[in-house]
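Okay, structure first, notes after.
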Amino acid sequence: MRELHETGPGSPRRVRSRGSRWVVRQVVRFAVSLAALLVASFAMIHLIPGDPVRASLGPAAPIELVQARTAALGLDRSIPEQFLTYTGHVLTGNFGTSFLSGEPVVEIVAARLPNTLALALLATVVALLVAVPLGMWAAVRTENGRNRGTEYAFTTVTGTAVAVPEFLYSIALVTVFAIGLGAFPPAGKAGAASYVLPVLALAIGPIAMIARISRAETLRELGTDYVRLARAKRLPAARLHLRHVLPNTLTATLTLGGLLLSALIAGSVLVEYVFAWPGLGLKIVESITQKDYPVAQGVILVYGAIVLVVNLAVDLALAALDPTSKIREA
Amino acid sequence: MKPRLPRTPAAVAGAVLVAAMVVLAVVGPPIWGADAERIDAAAILQGASAAHPLGTDSLGRDLLARVLVAGRFSLALALAATLIGGLAGIVLGALPSVLPGRPGRLITGAVNALVAFPGLLLAMFTAVVSGLGARGAVLGIGVAIAPGFARLTQTLAATVAGSDYVSAARMLGVSRRRILTGHVLPNIAEPLILQLTQALGGALLGLAGMSFLGLGVQPPSFDWGRLLFDGFARIYVTPEVALGPAAAIALAGIGFNLLGDAMAKAAARTAAAGKASDAAVPPDPGEPDPGAVLEVRDLTVAFPGGVTPVRGLSLTIAPGEIVGLVGESGSGKSLTAAAIGGLVPYPGTVAYGRLLLGGRDVASLSGKELGTALAMVFQDPMASLNPALRVGGQLAEVAIVHQGAGRAEANRRAVDRLGHVHLPDPAARARQHPHELSGGMRQRAVIAMGLMATPRLIIADEPTTALDVTVQRQILRLLREVTEESGAAALFITHDIAVVGELCDRVMVMYAGRVVEELPVRRLAAEAAHPYTRALIASLPDMATDRDKPLASIPGRQPAPSEVGPGCAFADRCALATDRCSAERPPLIPYGEAGRVACWEVK
């Protein structure tokens, strides 16, 4: 809208068509990435040096079994033929079956995906709810270099918290709160209490990171003329900060939060492993160590697709919220 | 010139941690290598004890020794992954600036797509393909790091490629490859090296994560992640065995992060603030003027480091009077306004002998009283309305907060005030966001905001500077109209002495933080006494100005607030200056009818 205003009369249509072109470009980019992901997940099995079926069944397996399994997987046919079959299967929701259990991969994914998404979503919500007020508070307290002590403590604590990986938080939380105090279940998914520690472990790093962004954004806002004018109006602090400052900091913060969600989905792999959480992350680790390639292939494909979908959704939501945003270009 | 690391405790801690890691990697294996491999069947799977502070593993090997020895392998793997990822990324990122057209764009697109993928996914994919083990993990983390490097290289290279000296080289026919190696790479080396340091910490954590999942280093080799993998399996029985590797990984991560932060800060360092200084204690202000709307006596604004942009300023404004405060940028006029409104930014300090608004000390006024009695208008109307909020709401909140009006009543008032400042279709405008209004409309809206209450004083700080000349006129007329109607006084701050003549009743000329002359506007053109005021007036072009001659200007520049000497601040630029002028500061004394001047040469 701002562009529209400043480019003067005659421009609205051009602006709108530029906007819709942008959306089309994002969707095309998404489709291309999805196709590349499909090729990559297909290629995965073929890039494994040697015979994946032999590798999976072990050196002691009888040759007949290996041949039968190879034929069943279609690995004896030509590569283009296999790719077409694979693409057809994926599009119709057939991701193959597990080497080990014979379970269809789709069922494994369907059973476990909600558990992973629940962790990632909860962690994102917790992180935003804690980090945005924390960052704002730190900004207000340390504006223009006052309260150097607070600023120093804030940057040191968040800087340190960002640097510690989530699996260490997981182990520490399990050791202290589950094994030591017995306050929460140490592993597995059983009721609300079992969510607390994994969500916390996933959220600590993002809290530190978003709080830093939120503080930087708030400091920038506090320096603007309209906040100066709002101060000249002698608005109460709460109104000044919540109504005048907060809305202007949210675009950048929420973008980061959205992108964080896709990072959290991946980060949940380690956390799920520590908490034996029945999600996709635990499954991917198991399938890789057990050389259950169809499962690994399917789960990686699903993970990748989720990341792409989340990124596209963040881009489009941001474009709808703030048509002049420059953040999405960065 | 190499930026030096700041000596903050965080930077020092980061440097110490990283240095300790490097030392450990060098001396660890020779010192503790034998202990780490000594199998003791009598002491398997022990918890912490005096002999084994962190316990033993399934073969009875001392875990403390193993943690200390594993440092070298952990660091070496991280280094290898960083180099692989860094090299691949820099090549990928630089290629588009060498390859023309389609292949270049293809690489750019691929990099953009890969950057969006979480590194761990890329790493796991690579690890599956290249097989479980240290080699696969290093390759995987390298692949995970590469897109970030490629993106950074691309961005940096694009910046450099757009610079004048590269354009010049291109004009001279220098080949693309030579431009890349001769111009682009040398100029982007420093940020890339910084990124390498930060990536090294990330690689170390990533590899630890892979090994911890059992996808990285496999026995009999061991790194910290693998030790944590083993320790985690026993966490219910002997949690202390996980402590050593966990602490090592955490400290390494923190060390690299703190060091990276400090290096980034050193690369983009800004000047440090000086030490604090207190504003001088003002002299006794004498008797207050009961008729004045605003009375300021000996106002001083000081900043740390001995910078005093406003020095002993005094002014009085009568009801309905419009006073112009004129001066160059840096003369302290805007800070004077900020001080009256209580808006001097930290760490500035304000001291005054008297600062009365409507006969009461400003410091004793509540937010509500000050918010309604004082209206402020700033220079840039584009910036002084909040882009996220509707125009009407920003006006209405004054009434809601300070006058206890309901939402509907406040909105009605807001529309009424917007109409009052001649904004066409005020009801529709009130519902719009600021970016839908032109600059002049926004400035009207800001003035209307000041009129929501019944202000005693309007402070307008260069309200027309950012506007078109025709719009300036309209805003000036509006200000005049508003003061006449409401009976409010106004302090009008500007660097344009011509505007003062049109709008104001009285003018005060500021120079280097002090008032040098004060006089009624009608006497400004003919009877100004101070050499600075006269120079300002002389520099104004009028219809009689000979257009073949260059415009008159005042030679020299105004001294900065920190470099004002004991004498008259204008002495260096003054044609009349004597020795006395640079040695002794002239006081502001009454001169002519209702005027004051600070100059030794005015008799």
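Every chain in the structure tokens takes a letter, A first, then B, and so on in the order presented; its residues are numbered from 1, and the ligands are numbered from 1 following the presented order.
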- Message: Within 7 Å of chain A, which residues belong to chain B? Use only C-alpha atoms and report them as a PyMOL selection string.
- Response: chain B and resi 10+113+117-118+120-121+128-130+205+213+215+236+239+246+250+253-254+257-258+341+346+367-368+371+376+383-386+388+398+401+435-436
May I have the selected residues written with N, CA and C atoms, as an mmCIF file, in the first residue's frame?
```cif
data_model
loop_
_atom_site.group_PDB
_atom_site.id
_atom_site.type_symbol
_atom_site.label_atom_id
_atom_site.label_comp_id
_atom_site.auth_asym_id
_atom_site.auth_seq_id
_atom_site.Cartn_x
_atom_site.Cartn_y
_atom_site.Cartn_z
ATOM 1 N N ALA B 10 32.655 -11.343 28.218
ATOM 2 C CA ALA B 10 32.132 -12.365 27.312
ATOM 3 C C ALA B 10 33.160 -12.708 26.245
ATOM 4 N N ALA B 113 17.067 -22.622 -2.464
ATOM 5 C CA ALA B 113 16.201 -23.711 -2.015
ATOM 6 C C ALA B 113 16.866 -24.473 -0.872
ATOM 7 N N PHE B 117 16.408 -25.505 3.910
ATOM 8 C CA PHE B 117 16.341 -26.808 4.569
ATOM 9 C C PHE B 117 17.149 -26.819 5.855
ATOM 10 N N PRO B 118 16.587 -27.402 6.914
ATOM 11 C CA PRO B 118 17.359 -27.509 8.140
ATOM 12 C C PRO B 118 18.614 -28.349 7.899
ATOM 13 N N LEU B 120 20.287 -30.290 9.729
ATOM 14 C CA LEU B 120 20.298 -31.664 10.237
ATOM 15 C C LEU B 120 19.713 -32.632 9.211
ATOM 16 N N LEU B 121 18.665 -32.184 8.491
ATOM 17 C CA LEU B 121 18.068 -33.052 7.470
ATOM 18 C C LEU B 121 19.064 -33.337 6.354
ATOM 19 N N VAL B 128 23.149 -41.068 5.296
ATOM 20 C CA VAL B 128 22.551 -42.315 4.809
ATOM 21 C C VAL B 128 23.280 -42.761 3.549
ATOM 22 N N VAL B 129 23.480 -41.793 2.647
ATOM 23 C CA VAL B 129 24.075 -42.119 1.358
ATOM 24 C C VAL B 129 25.528 -42.560 1.523
ATOM 25 N N SER B 130 26.283 -41.847 2.350
ATOM 26 C CA SER B 130 27.708 -42.150 2.418
ATOM 27 C C SER B 130 28.029 -43.154 3.523
ATOM 28 N N LEU B 205 28.910 -28.797 17.207
ATOM 29 C CA LEU B 205 27.648 -29.208 17.826
ATOM 30 C C LEU B 205 26.891 -30.184 16.935
ATOM 31 N N LEU B 213 23.293 -39.438 18.218
ATOM 32 C CA LEU B 213 22.197 -40.238 17.667
ATOM 33 C C LEU B 213 22.684 -41.607 17.196
ATOM 34 N N LEU B 215 24.676 -41.904 14.647
ATOM 35 C CA LEU B 215 24.842 -41.811 13.200
ATOM 36 C C LEU B 215 26.216 -41.285 12.824
ATOM 37 N N TYR B 236 20.074 -43.524 33.924
ATOM 38 C CA TYR B 236 19.221 -43.843 35.067
ATOM 39 C C TYR B 236 20.027 -44.357 36.255
ATOM 40 N N PRO B 239 24.005 -41.069 36.407
ATOM 41 C CA PRO B 239 23.891 -39.893 35.531
ATOM 42 C C PRO B 239 25.206 -39.146 35.354
ATOM 43 N N ALA B 246 28.817 -34.042 28.126
ATOM 44 C CA ALA B 246 27.821 -32.971 27.979
ATOM 45 C C ALA B 246 28.454 -31.619 28.262
ATOM 46 N N ALA B 250 28.888 -28.507 25.662
ATOM 47 C CA ALA B 250 28.284 -27.212 25.983
ATOM 48 C C ALA B 250 29.337 -26.116 26.019
ATOM 49 N N GLY B 253 30.536 -25.237 22.557
ATOM 50 C CA GLY B 253 29.531 -24.463 21.835
ATOM 51 C C GLY B 253 29.493 -23.022 22.324
ATOM 52 N N ILE B 254 29.486 -22.845 23.652
ATOM 53 C CA ILE B 254 29.433 -21.501 24.230
ATOM 54 C C ILE B 254 30.680 -20.716 23.852
ATOM 55 N N ASN B 257 30.584 -19.592 20.276
ATOM 56 C CA ASN B 257 29.541 -18.596 20.067
ATOM 57 C C ASN B 257 29.945 -17.230 20.626
ATOM 58 N N LEU B 258 30.490 -17.232 21.852
ATOM 59 C CA LEU B 258 30.900 -15.963 22.459
ATOM 60 C C LEU B 258 32.016 -15.319 21.642
ATOM 61 N N GLY B 341 9.767 19.617 26.971
ATOM 62 C CA GLY B 341 8.784 18.536 26.968
ATOM 63 C C GLY B 341 9.190 17.347 27.809
ATOM 64 N N TYR B 346 18.068 9.573 27.320
ATOM 65 C CA TYR B 346 19.159 9.097 28.140
ATOM 66 C C TYR B 346 20.386 8.975 27.265
ATOM 67 N N GLY B 367 1.618 13.239 34.247
ATOM 68 C CA GLY B 367 1.601 12.928 32.832
ATOM 69 C C GLY B 367 0.346 13.463 32.167
ATOM 70 N N LYS B 368 -0.763 13.370 32.864
ATOM 71 C CA LYS B 368 -2.032 13.835 32.336
ATOM 72 C C LYS B 368 -2.017 15.350 32.110
ATOM 73 N N GLY B 371 0.486 16.085 29.358
ATOM 74 C CA GLY B 371 -0.013 15.562 28.087
ATOM 75 C C GLY B 371 -1.114 16.414 27.480
ATOM 76 N N MET B 376 3.084 18.772 20.954
ATOM 77 C CA MET B 376 4.338 18.834 20.206
ATOM 78 C C MET B 376 4.117 18.405 18.766
ATOM 79 N N ALA B 383 7.212 10.210 9.793
ATOM 80 C CA ALA B 383 7.728 9.360 10.859
ATOM 81 C C ALA B 383 6.992 9.554 12.169
ATOM 82 N N SER B 384 6.194 10.624 12.308
ATOM 83 C CA SER B 384 5.649 10.861 13.640
ATOM 84 C C SER B 384 4.269 10.278 13.869
ATOM 85 N N LEU B 385 3.742 9.562 12.878
ATOM 86 C CA LEU B 385 2.529 8.787 13.131
ATOM 87 C C LEU B 385 2.879 7.311 13.063
ATOM 88 N N ASN B 386 2.294 6.534 13.954
ATOM 89 C CA ASN B 386 2.603 5.104 14.023
ATOM 90 C C ASN B 386 1.987 4.383 12.827
ATOM 91 N N ALA B 388 1.345 1.409 12.236
ATOM 92 C CA ALA B 388 0.501 0.244 12.499
ATOM 93 C C ALA B 388 -0.901 0.631 12.967
ATOM 94 N N VAL B 398 -5.517 10.227 23.121
ATOM 95 C CA VAL B 398 -5.221 11.341 24.019
ATOM 96 C C VAL B 398 -6.426 11.596 24.923
ATOM 97 N N VAL B 401 -7.038 8.482 27.294
ATOM 98 C CA VAL B 401 -6.069 8.306 28.372
ATOM 99 C C VAL B 401 -6.121 9.469 29.368
ATOM 100 N N HIS B 435 0.005 5.772 6.159
ATOM 101 C CA HIS B 435 0.634 5.746 4.833
ATOM 102 C C HIS B 435 -0.352 6.101 3.723
ATOM 103 N N GLU B 436 -1.638 6.181 4.059
ATOM 104 C CA GLU B 436 -2.622 6.546 3.043
ATOM 105 C C GLU B 436 -2.817 8.060 2.962
#
```
- Item | Selection near stretch 32-46 of chain B, 7 Å with only C-alpha atoms, sequence-local residues under 2 positions removed, as a list in words |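 Listing them by chain and then by number gives Gly28, Pro29, Pro30, Ala48, Gly55, Thr56, Asp57, Ser58, Leu59, Gly60, Arg61, Asp62, Ala65, Arg66 and Val69 of chain B.
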Okay, now the selection with N, CA and C atoms, as an mmCIF file, in the first residue's frame?
```cif
data_model
loop_
_atom_site.group_PDB
_atom_site.id
_atom_site.type_symbol
_atom_site.label_atom_id
_atom_site.label_comp_id
_atom_site.auth_asym_id
_atom_site.auth_seq_id
_atom_site.Cartn_x
_atom_site.Cartn_y
_atom_site.Cartn_z
ATOM 1 N N GLY B 28 46.035 -33.214 24.886
ATOM 2 C CA GLY B 28 45.166 -34.247 25.438
ATOM 3 C C GLY B 28 45.629 -35.672 25.154
ATOM 4 N N PRO B 29 45.679 -36.067 23.885
ATOM 5 C CA PRO B 29 46.046 -37.444 23.572
ATOM 6 C C PRO B 29 47.407 -37.882 24.123
ATOM 7 N N PRO B 30 48.496 -37.077 23.983
ATOM 8 C CA PRO B 30 49.779 -37.548 24.547
ATOM 9 C C PRO B 30 49.712 -37.759 26.067
ATOM 10 N N ALA B 48 30.943 -42.320 39.600
ATOM 11 C CA ALA B 48 32.052 -41.476 40.008
ATOM 12 C C ALA B 48 32.716 -42.030 41.265
ATOM 13 N N GLY B 55 33.674 -41.751 36.448
ATOM 14 C CA GLY B 55 33.268 -43.139 36.259
ATOM 15 C C GLY B 55 34.047 -43.837 35.151
ATOM 16 N N THR B 56 33.620 -45.062 34.838
ATOM 17 C CA THR B 56 34.297 -45.854 33.807
ATOM 18 C C THR B 56 33.268 -46.371 32.816
ATOM 19 N N ASP B 57 33.768 -46.837 31.643
ATOM 20 C CA ASP B 57 32.830 -47.347 30.642
ATOM 21 C C ASP B 57 32.739 -48.863 30.718
ATOM 22 N N SER B 58 32.145 -49.477 29.706
ATOM 23 C CA SER B 58 31.861 -50.907 29.764
ATOM 24 C C SER B 58 33.116 -51.765 29.734
ATOM 25 N N LEU B 59 34.249 -51.160 29.418
ATOM 26 C CA LEU B 59 35.509 -51.910 29.467
ATOM 27 C C LEU B 59 36.372 -51.433 30.631
ATOM 28 N N GLY B 60 35.801 -50.642 31.512
ATOM 29 C CA GLY B 60 36.530 -50.180 32.679
ATOM 30 C C GLY B 60 37.496 -49.049 32.378
ATOM 31 N N ARG B 61 37.349 -48.387 31.199
ATOM 32 C CA ARG B 61 38.257 -47.290 30.859
ATOM 33 C C ARG B 61 37.792 -46.010 31.544
ATOM 34 N N ASP B 62 38.752 -45.186 31.943
ATOM 35 C CA ASP B 62 38.449 -43.978 32.706
ATOM 36 C C ASP B 62 37.773 -42.939 31.801
ATOM 37 N N ALA B 65 39.510 -39.331 31.371
ATOM 38 C CA ALA B 65 40.609 -39.367 30.411
ATOM 39 C C ALA B 65 40.061 -39.429 28.988
ATOM 40 N N ARG B 66 38.974 -40.204 28.805
ATOM 41 C CA ARG B 66 38.421 -40.340 27.457
ATOM 42 C C ARG B 66 37.825 -39.010 26.967
ATOM 43 N N VAL B 69 40.735 -36.809 26.006
ATOM 44 C CA VAL B 69 41.389 -37.255 24.776
ATOM 45 C C VAL B 69 40.505 -36.980 23.558
#
```
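Each of B:Ala15, B:Leu467, B:Ile90, B:Ala529 was checked against B:Arg442 using only C-alpha atoms; the smallest atom-to-atom distance is that of B:Leu467.
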Need to verify the contact set: stretch 508-519 of chain B, 8 Å, only C-alpha atoms, exclusion of same-chain residues closer than 5 positions in sequence. Can you return it as a PDB file with C-alpha atoms, in the first residue's frame?
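Printed below is around_5.pdb as written:
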```pdb
ATOM      1  CA  THR B 308      26.775  20.553  26.635  1.00  0.00           C
ATOM      2  CA  PRO B 309      24.517  21.307  23.654  1.00  0.00           C
ATOM      3  CA  VAL B 310      22.310  23.778  25.565  1.00  0.00           C
ATOM      4  CA  ARG B 311      23.979  26.263  27.950  1.00  0.00           C
ATOM      5  CA  GLY B 312      22.174  28.525  30.361  1.00  0.00           C
ATOM      6  CA  LEU B 313      19.274  29.249  28.041  1.00  0.00           C
ATOM      7  CA  SER B 314      16.470  31.513  29.241  1.00  0.00           C
ATOM      8  CA  VAL B 323       8.162  32.773  19.537  1.00  0.00           C
ATOM      9  CA  GLY B 324      10.604  31.655  16.891  1.00  0.00           C
ATOM     10  CA  LEU B 325      13.757  29.870  17.968  1.00  0.00           C
ATOM     11  CA  VAL B 326      16.244  30.083  15.111  1.00  0.00           C
ATOM     12  CA  GLY B 327      19.612  28.441  14.703  1.00  0.00           C
ATOM     13  CA  GLU B 328      21.743  26.188  12.530  1.00  0.00           C
ATOM     14  CA  GLY B 330      23.557  21.630  16.156  1.00  0.00           C
ATOM     15  CA  SER B 331      22.819  24.943  17.850  1.00  0.00           C
ATOM     16  CA  GLY B 332      20.766  23.114  20.501  1.00  0.00           C
ATOM     17  CA  LYS B 333      17.328  24.353  19.494  1.00  0.00           C
ATOM     18  CA  LEU B 524      14.355  41.819  12.662  1.00  0.00           C
ATOM     19  CA  ALA B 528      19.128  43.173  14.301  1.00  0.00           C
ATOM     20  CA  ALA B 529      22.327  43.902  16.217  1.00  0.00           C
ATOM     21  CA  HIS B 530      24.265  40.660  16.649  1.00  0.00           C
ATOM     22  CA  THR B 533      21.787  37.515  13.158  1.00  0.00           C
ATOM     23  CA  GLN B 558      29.575  26.431  14.103  1.00  0.00           C
ATOM     24  CA  PRO B 559      31.743  24.841  16.821  1.00  0.00           C
ATOM     25  CA  ALA B 560      30.571  21.465  18.123  1.00  0.00           C
ATOM     26  CA  PRO B 561      29.132  21.477  21.666  1.00  0.00           C
ATOM     27  CA  VAL B 564      33.254  25.782  22.675  1.00  0.00           C
ATOM     28  CA  ALA B 569      31.373  31.043  20.258  1.00  0.00           C
ATOM     29  CA  PHE B 570      30.884  33.085  17.098  1.00  0.00           C
ATOM     30  CA  LEU B 588      22.919  38.618  27.156  1.00  0.00           C
ATOM     31  CA  GLU B 593      13.081  48.047  22.378  1.00  0.00           C
ATOM     32  CA  ALA B 594      12.146  44.678  24.004  1.00  0.00           C
ATOM     33  CA  GLY B 595      15.365  43.120  22.762  1.00  0.00           C
ATOM     34  CA  ARG B 596      18.462  41.483  24.211  1.00  0.00           C
ATOM     35  CA  VAL B 597      21.840  40.801  22.648  1.00  0.00           C
ATOM     36  CA  ALA B 598      25.082  39.085  23.632  1.00  0.00           C
ATOM     37  CA  CYS B 599      27.924  40.873  21.869  1.00  0.00           C
TER      38      CYS B 599
END
```
- Message: So, with only C-alpha atoms as the atoms that count, which of B:Gly231, B:Pro96, B:Pro434, B:Gly255 lies closest to B:Thr197?
- Response: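 Ranked by minimum distance to B:Thr197, first place goes to B:Gly255.
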